[in-house]
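Trainee: Sharing upload.txt, compact mmCIF, C-alpha atoms:
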```
# COMPACT_ATOMS: atom_id res chain seq x y z
CA MET A 267 0.00 0.00 0.00
CA LYS A 268 1.33 3.33 -0.95
CA VAL A 269 1.29 5.84 1.81
CA SER A 270 1.02 9.28 0.44
CA GLY A 271 3.02 11.98 2.16
CA ALA A 272 1.71 15.27 3.34
CA LYS A 273 0.54 17.50 0.58
CA LYS A 274 2.53 20.57 -0.29
CA VAL A 275 1.26 23.60 1.50
CA HIS A 276 0.29 26.47 -0.74
CA TYR A 277 -0.30 29.64 1.10
CA GLU A 278 -2.66 32.04 -0.53
CA SER A 279 -0.73 34.87 0.91
CA GLY A 280 -0.14 37.18 -2.02
CA PRO A 281 3.03 39.23 -2.22
CA ASN A 282 5.55 38.96 0.57
CA MET A 283 5.02 41.94 2.83
CA THR A 284 7.96 41.39 5.15
CA PRO A 285 10.49 43.66 3.35
CA LEU A 286 7.86 46.37 3.07
CA VAL A 287 7.14 46.22 6.78
CA ASP A 288 10.86 46.33 7.52
CA VAL A 289 11.43 49.42 5.42
CA VAL A 290 8.34 51.17 6.70
CA MET A 291 9.33 50.51 10.31
CA VAL A 292 12.81 51.91 9.67
CA ILE A 293 11.30 55.08 8.15
CA LEU A 294 8.92 55.40 11.08
CA ILE A 295 11.66 55.08 13.68
CA PHE A 296 13.84 57.56 11.75
CA LEU A 297 11.07 60.14 11.66
CA MET A 298 10.28 59.65 15.33
CA CYS A 299 13.92 60.11 16.30
CA THR A 300 14.83 63.05 14.08
CA GLY A 301 11.67 65.10 14.05
CA SER A 302 11.22 67.89 16.52
CA PHE A 303 7.82 68.90 17.72
CA GLY A 304 7.91 72.32 19.28
CA ALA A 305 5.04 74.49 20.29
CA ALA A 306 3.87 76.93 17.68
CA THR A 307 6.33 79.78 17.48
CA GLN A 308 5.19 83.30 16.89
CA TYR A 309 6.71 86.73 16.94
CA LEU A 310 5.79 89.97 18.62
CA VAL A 311 7.08 92.60 16.29
CA SER A 312 8.47 95.71 17.90
CA ASN A 313 8.79 98.68 15.60
CA VAL A 314 10.04 101.05 18.23
CA PRO A 315 13.03 99.76 20.14
CA VAL A 316 14.61 101.35 23.18
CA LYS A 317 14.06 105.04 23.57
CA LYS A 318 16.43 106.92 25.71
CA GLU A 319 14.96 109.47 28.02
CA GLY A 320 16.31 112.80 29.09
CA ILE A 321 19.86 113.85 28.43
CA GLY A 322 21.65 111.82 25.82
CA ASN A 323 18.55 111.12 23.81
CA ASN A 324 19.88 109.70 20.59
CA SER A 325 16.61 108.99 18.89
CA LYS A 326 14.85 111.42 16.62
CA PRO A 327 12.91 114.10 18.49
CA PRO A 328 9.27 113.13 18.78
CA PRO A 329 6.71 114.99 16.68
CA LEU A 330 5.30 118.01 18.45
CA ASP A 331 1.80 116.59 18.59
CA GLU A 332 2.93 113.23 19.97
CA ILE A 333 1.48 112.26 23.33
CA GLN A 334 3.72 110.17 25.52
CA CYS A 335 2.24 107.72 27.99
CA LYS A 336 4.56 106.09 30.43
CA VAL A 337 3.95 102.64 31.84
CA ARG A 338 6.30 102.06 34.71
CA VAL A 339 6.69 98.42 35.68
CA ASN A 340 8.39 96.94 38.73
CA PRO A 341 8.59 93.33 39.78
CA GLY A 342 6.34 92.86 42.80
CA VAL A 343 6.16 90.36 45.60
CA SER A 344 5.36 86.74 44.67
CA GLY A 345 5.54 87.45 40.97
CA GLN A 346 2.87 90.16 40.91
CA LEU A 347 3.55 93.24 38.88
CA ARG A 348 3.54 96.69 40.40
CA GLY A 349 3.84 100.03 38.76
CA SER A 350 1.84 102.78 37.18
CA VAL A 351 0.08 103.65 33.96
CA GLY A 352 0.39 107.39 33.77
CA SER A 353 -0.52 108.48 37.28
CA ALA A 354 -2.66 105.46 38.14
CA GLU A 355 -0.92 102.78 40.14
CA PHE A 356 -1.42 99.05 39.77
CA ASN A 357 -0.48 96.13 42.00
CA SER A 358 -1.18 93.16 39.79
CA ALA A 359 -1.04 92.13 36.16
CA GLU A 360 -4.83 92.28 35.96
CA GLU A 361 -4.91 95.85 37.23
CA MET A 362 -2.17 96.81 34.79
CA HIS A 363 -4.19 95.29 31.97
CA ASP A 364 -7.35 97.14 33.01
CA GLN A 365 -5.58 100.47 33.37
CA ILE A 366 -3.94 100.25 29.96
CA PHE A 367 -7.31 99.47 28.42
CA ALA A 368 -8.91 102.33 30.34
CA LEU A 369 -6.23 104.70 29.09
CA GLN A 370 -6.82 103.64 25.51
CA LYS A 371 -10.58 104.17 25.95
CA GLN A 372 -9.93 107.59 27.38
CA TYR A 373 -7.88 108.64 24.35
CA ALA A 374 -10.21 106.97 21.89
CA GLY A 375 -13.16 108.73 23.54
CA ALA A 376 -11.42 112.05 23.08
CA GLY A 377 -10.94 111.26 19.41
CA THR A 378 -7.16 110.99 19.59
CA SER A 379 -5.60 108.92 16.88
CA MET A 380 -3.54 106.00 18.18
CA ASP A 381 -0.73 107.00 15.79
CA LYS A 382 -0.16 110.08 17.88
CA ILE A 383 0.25 108.24 21.15
CA GLN A 384 3.64 106.85 22.07
CA VAL A 385 3.45 104.32 24.88
CA ILE A 386 6.77 103.98 26.66
CA ILE A 387 7.25 100.96 28.84
CA ALA A 388 9.76 101.78 31.56
CA PRO A 389 10.73 98.48 33.16
CA HIS A 390 12.74 97.91 36.29
CA GLY A 391 16.12 96.35 35.54
CA ALA A 392 15.13 93.16 37.33
CA LEU A 393 11.85 92.71 35.48
CA ILE A 394 11.85 89.35 33.73
CA PHE A 395 11.28 88.97 30.00
CA GLN A 396 7.94 87.19 30.42
CA ASP A 397 6.52 90.11 32.42
CA LEU A 398 7.84 92.56 29.87
CA ILE A 399 6.13 90.62 27.10
CA ASN A 400 2.89 90.65 29.13
CA VAL A 401 2.96 94.43 29.45
CA TYR A 402 3.91 94.90 25.81
CA GLN A 403 1.15 92.56 24.76
CA ALA A 404 -1.42 94.34 26.93
CA ALA A 405 -0.56 97.62 25.20
CA LEU A 406 -0.95 96.04 21.78
CA GLN A 407 -4.19 94.34 22.79
CA ALA A 408 -5.57 97.65 23.99
CA GLY A 409 -5.02 99.05 20.51
CA PHE A 410 -1.90 101.16 20.94
CA THR A 411 0.25 101.00 17.85
CA LYS A 412 3.41 102.75 18.99
CA VAL A 413 4.95 100.98 21.94
CA GLY A 414 8.58 101.42 22.89
CA PHE A 415 10.89 100.69 25.77
CA ALA A 416 12.71 103.08 28.03
CA LYS A 417 16.02 102.59 29.71
CA SER A 418 15.75 100.44 32.79
CA HIS A 419 15.41 102.01 36.19
CA PHE A 420 16.42 100.57 39.52
CA ASP A 421 14.14 102.15 42.05
CA MET A 422 10.95 100.53 43.19
CA LYS A 423 8.90 103.71 43.24
CA HIS A 424 5.76 103.68 41.13
CA MET B 445 -7.16 0.99 6.81
CA ARG B 446 -7.76 4.36 5.43
CA ARG B 447 -5.46 7.05 6.62
CA ARG B 448 -6.76 10.48 7.23
CA SER B 449 -4.93 13.08 5.30
CA MET B 450 -3.72 16.30 6.96
CA PRO B 451 -6.26 19.10 6.91
CA PRO B 452 -5.54 21.70 4.24
CA ALA B 453 -3.31 24.42 5.49
CA HIS B 454 -4.93 27.82 5.73
CA GLY B 455 -2.97 31.01 5.66
CA SER B 456 -1.47 30.74 9.08
CA GLU B 457 0.78 33.85 8.95
CA VAL B 458 -0.02 36.89 11.00
CA ASN B 459 -2.17 39.31 9.08
CA VAL B 460 -0.02 42.36 8.72
CA THR B 461 -2.42 44.49 6.73
CA PRO B 462 -3.84 46.45 9.71
CA LEU B 463 -0.31 46.95 10.99
CA ILE B 464 0.78 48.44 7.69
CA ASP B 465 -2.28 50.66 7.63
CA VAL B 466 -1.50 52.06 11.06
CA VAL B 467 2.21 52.45 10.37
CA MET B 468 1.56 54.23 7.09
CA CYS B 469 -0.77 56.64 8.86
CA LEU B 470 1.92 57.33 11.45
CA ILE B 471 4.53 57.93 8.76
CA VAL B 472 2.31 60.38 6.93
CA PHE B 473 1.58 62.15 10.23
CA PHE B 474 5.26 62.45 11.13
CA MET B 475 6.19 63.62 7.66
CA LEU B 476 3.62 66.38 7.80
CA VAL B 477 4.20 67.51 11.36
CA ALA B 478 7.85 66.97 12.16
CA LYS B 479 10.39 69.62 11.39
CA ILE B 480 13.34 67.75 9.98
CA GLY B 481 16.47 69.58 9.08
CA VAL B 482 14.88 72.97 9.66
CA VAL B 483 17.62 75.02 11.25
CA SER B 484 16.59 78.47 12.32
CA GLY B 485 19.46 78.99 14.69
CA VAL B 486 17.46 79.17 17.88
CA ASP B 487 18.94 77.65 21.00
CA PRO B 488 16.51 74.93 22.13
CA LYS B 489 17.78 75.18 25.72
CA ILE B 490 16.34 78.68 26.03
CA LYS B 491 12.76 78.68 27.25
CA ILE B 492 11.04 81.52 25.46
CA PRO B 493 8.06 83.41 26.92
CA GLU B 494 4.42 82.82 26.08
CA SER B 495 2.07 85.27 24.46
CA ILE B 496 -1.44 85.31 23.12
CA LEU B 497 -0.74 87.86 20.42
CA GLY B 498 1.90 87.40 17.80
CA LYS B 499 2.41 86.93 14.13
CA THR B 500 3.27 83.66 12.54
CA ILE B 501 6.00 84.34 10.06
CA GLU B 502 6.24 81.62 7.47
CA GLU B 503 9.28 83.01 5.75
CA LEU B 504 11.61 85.08 7.83
CA GLY B 505 13.84 85.93 4.91
CA ASN B 506 17.10 87.51 5.90
CA ASN B 507 17.07 87.05 9.59
CA ILE B 508 19.54 87.20 12.39
CA VAL B 509 18.65 85.30 15.52
CA LEU B 510 20.10 86.54 18.77
CA ASN B 511 20.06 83.89 21.47
CA VAL B 512 20.33 85.96 24.63
CA ARG B 513 21.36 84.42 27.92
CA ALA B 514 22.00 85.98 31.28
CA PRO B 515 25.67 86.17 32.26
CA GLU B 516 27.03 83.34 34.34
CA GLU B 517 26.95 84.00 38.04
CA SER B 518 30.66 83.50 38.36
CA GLY B 519 31.37 86.19 35.81
CA ASP B 520 32.68 89.53 36.94
CA GLN B 521 30.89 91.54 34.32
CA GLU B 522 27.18 92.07 34.07
CA LEU B 523 27.12 91.40 30.37
CA PRO B 524 24.60 89.09 28.74
CA VAL B 525 25.96 86.38 26.47
CA ILE B 526 24.56 86.21 23.00
CA THR B 527 24.89 83.80 20.14
CA VAL B 528 24.43 85.43 16.78
CA MET B 529 22.96 83.04 14.25
CA GLN B 530 22.28 83.60 10.59
CA GLU B 531 20.72 80.94 8.40
CA GLY B 532 21.40 78.39 11.08
CA ASN B 533 25.10 79.17 11.29
CA ALA B 534 26.66 80.65 14.37
CA LEU B 535 28.37 83.89 13.49
CA ALA B 536 29.61 84.50 17.00
CA GLU B 537 29.10 83.66 20.63
CA MET B 538 30.17 86.43 22.91
CA PRO B 539 29.22 88.70 25.73
CA ILE B 540 27.76 92.01 24.67
CA VAL B 541 30.65 94.36 24.41
CA GLN B 542 30.70 98.07 24.07
CA ARG B 543 30.44 99.27 20.53
CA SER B 544 33.85 100.06 19.19
CA ASN B 545 35.08 102.24 16.39
CA GLY B 546 35.27 99.46 13.86
CA GLN B 547 37.68 97.40 15.89
CA ASN B 548 37.30 93.81 16.90
CA VAL B 549 37.41 93.03 20.59
CA LEU B 550 39.18 90.13 22.22
CA VAL B 551 36.97 87.51 23.84
CA ASP B 552 38.94 84.67 25.39
CA GLY B 553 41.92 85.74 23.33
CA LYS B 554 40.02 85.60 20.05
CA PRO B 555 39.07 88.69 18.08
CA VAL B 556 35.31 89.05 17.92
CA LYS B 557 33.29 91.63 16.11
CA PRO B 558 30.99 93.53 18.48
CA LEU B 559 27.27 93.03 18.01
CA TYR B 560 26.89 96.65 16.99
CA MET B 561 29.37 96.21 14.11
CA MET B 562 27.90 92.88 13.10
CA VAL B 563 24.36 94.19 12.86
CA LYS B 564 25.43 97.39 11.14
CA GLU B 565 27.40 95.51 8.48
CA SER B 566 24.57 93.06 7.89
CA LEU B 567 22.08 95.92 7.56
CA THR B 568 24.34 97.75 5.12
CA SER B 569 25.05 94.74 2.94
CA ASN B 570 21.38 93.79 2.84
CA LYS B 571 20.39 97.35 2.00
CA GLN B 572 22.82 97.36 -0.91
CA LYS B 573 21.14 94.21 -2.20
CA GLY B 574 17.75 95.82 -1.73
CA GLN B 575 16.78 93.33 0.95
CA ASP B 576 15.41 93.76 4.43
CA LEU B 577 17.01 92.29 7.50
CA THR B 578 15.03 91.30 10.54
CA ILE B 579 16.40 90.57 13.97
CA THR B 580 14.80 87.97 16.17
CA ILE B 581 15.34 88.07 19.90
CA HIS B 582 15.29 84.57 21.33
CA ALA B 583 15.64 85.17 25.04
CA ASP B 584 14.88 83.19 28.12
CA THR B 585 11.60 83.87 29.88
CA SER B 586 13.43 84.70 33.11
CA LEU B 587 16.01 87.01 31.55
CA GLN B 588 16.08 90.32 33.37
CA TYR B 589 15.44 93.49 31.43
CA LYS B 590 18.80 95.01 32.33
CA TYR B 591 20.41 92.35 30.11
CA LEU B 592 17.89 92.50 27.31
CA GLU B 593 18.13 96.26 27.25
CA GLN B 594 21.80 96.11 26.29
CA VAL B 595 21.00 93.95 23.27
CA LEU B 596 18.15 96.21 22.19
CA THR B 597 20.28 99.31 22.62
CA GLU B 598 23.15 97.93 20.53
CA CYS B 599 20.82 96.83 17.74
CA ASN B 600 19.01 100.16 17.82
CA ALA B 601 22.28 102.05 17.68
CA ALA B 602 23.29 99.97 14.67
CA GLY B 603 20.22 101.18 12.84
CA CYS B 604 17.81 98.31 13.36
CA THR B 605 14.28 99.59 13.75
CA THR B 606 12.34 96.35 13.74
CA MET B 607 12.85 93.47 16.10
CA ASN B 608 10.87 90.32 16.61
CA PHE B 609 10.45 88.88 20.07
CA GLU B 610 10.06 85.17 19.68
CA THR B 611 7.33 83.66 21.84
CA THR B 612 5.28 80.51 22.01
CA ARG B 613 1.56 80.61 21.55
CA LYS B 614 -0.35 80.64 24.81
CA LEU B 615 -3.84 79.28 24.76
CA ASN B 616 -6.31 81.91 25.83
CA ASP B 617 -7.79 80.63 29.08
```
As structure tokens, please, write out the structure in this file.

Mentor:
Amino acid sequence: MKVSGAKKVHYESGPNMTPLVDVVMVILIFLMCTGSFGAATQYLVSNVPVKKEGIGNNSKPPPLDEIQCKVRVNPGVSGQLRGSVGSAEFNSAEEMHDQIFALQKQYAGAGTSMDKIQVIIAPHGALIFQDLINVYQAALQAGFTKVGFAKSHFDMKH
Amino acid sequence: MRRRSMPPAHGSEVNVTPLIDVVMCLIVFFMLVAKIGVVSGVDPKIKIPESILGKTIEELGNNIVLNVRAPEESGDQELPVITVMQEGNALAEMPIVQRSNGQNVLVDGKPVKPLYMMVKESLTSNKQKGQDLTITIHADTSLQYKYLEQVLTECNAAGCTTMNFETTRKLND
């Protein structure tokens, strides 16, 4: 009696996918290793850099009809900002924000064009960059178009 | 006696089709999202501040990136250290030095062009080509203004009127 052996196995497997998977995995690992995923970067554009005040002013003299508004900023206790917007004092970032907005409303109500108002941020020398950006941003949010920086001061008066 | 034959073999390999589908999706995602080989010159160790406002600039064009760091505590001088980068290449790493009358200054025994001269020359050469030059300030969130001020003053004195403060987008809460 003839004993037949096991039949040949035919896999209905189509094309061999193993090399494809290998290559694809290598590409995936490469992309995961080399790619960098940072937070979205943006830029706050400053058109008016540092303005010197008083003697030694090396910038062009301001136009005669220019109104200057000074925002004095000091670092406060436990990270709170202190300072003044014009003559009004503030003791927190929220108050600073509100006062800058109120100032803008005051000028807008009087019909003053924002082009004629020069906001000068006068930061304390120890004020950190993040706080400076917050003040600068508040001025831009309020609608002021000309915002510059003064030389740093080192007294904590408002 | 009749022998039973082996049952027909079915495709017994692991089905890799879903795997390939997923992996292909991941590859497409990474290719679209990842920034590979994009060198802007910014120092990734510097943690930049957050802001809600800000422009997204797709093409910065001629741009100089100033990586500004506070001076090391051990240093005698209160001078911030900057790395000047253009098109991803470091032009110089140096403390801010006083602007000089066209002379290089020695930093660690090597002659280095002051920031003032560097910016002024770049502005002039770009102006001759009819191109604009922008300066991007890439400074740490905790950098004190007394250090940043020196950088701004030097750039301003060199004739730069527009500067970009680089920030990350903060979600409005």

Trainee: Please find the residues of chain B near chain A - the criterion being any atom within 6 Å, counting only C-alpha atoms - and write them as a list in words.

Mentor: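 Applying the cut-off to the listed atoms yields Gly455, Ile471, Ala478, Lys479, Ile480, Pro493, Gly498, Lys499, Thr500, Thr585, Ser586, Leu587, Gln588, Tyr589, Lys590, Thr605, Thr606, Met607, Asn608, Phe609, Glu610, Thr611, Thr612 and Arg613 of chain B.
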
Trainee: What's around Gly349 of chain A at 10 Å? Count all atoms listed in the file, leave out sequence neighbours fewer than 6 positions away in its own chain, and write the answer as a PyMOL selection string.

Mentor: chain A and resi 337-342+355-359+361-362+388-390+422-424

Trainee: Quick one: of B:Val512, B:Gln575, B:Met561, B:Val595, who's nearest to Pro488 of chain B, counting only C-alpha atoms?

Mentor: B:Val512

Trainee: Residues near Gly409 of chain A, anyone? I mean within 9 Å using all atoms listed in the file, not counting same-chain ones fewer than 4 positions away, as an MDAnalysis selection string.

Mentor: chainID A and resid 367 370 380 404:405

Trainee: Just to confirm, what's the straight-line distance from atom CA of Lys557 of chain B to atom CA of Val528 of chain B in Å (one decimal)?

Mentor: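 A separation of 10.8 Å between them.
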
Trainee: Could you work out how far atom CA of Gly352 of chain A lies from atom CA of Gly375 of chain A, giving the answer in Å with one decimal?

Mentor: 17.0 Å

Trainee: Could you please determine the separation between atom CA of Met475 of chain B and atom CA of Lys614 of chain B in Å, to one decimal place?

Mentor: 25.0 Å

Trainee: Neighbouring residues of Gln334 of chain A were defined as those with any atom within 9 Å, considering all atoms listed in the file; residues of the same chain fewer than 6 positions away were excluded. Please report them as a PyMOL selection string.

Mentor: chain A and resi 382-386

Trainee: Rank nothing, just name the residue among A:Asp331, A:Val292, A:Ala354, A:Gln372 nearest to Ala408 of chain A, using all atoms listed in the file.

Mentor: A:Gln372
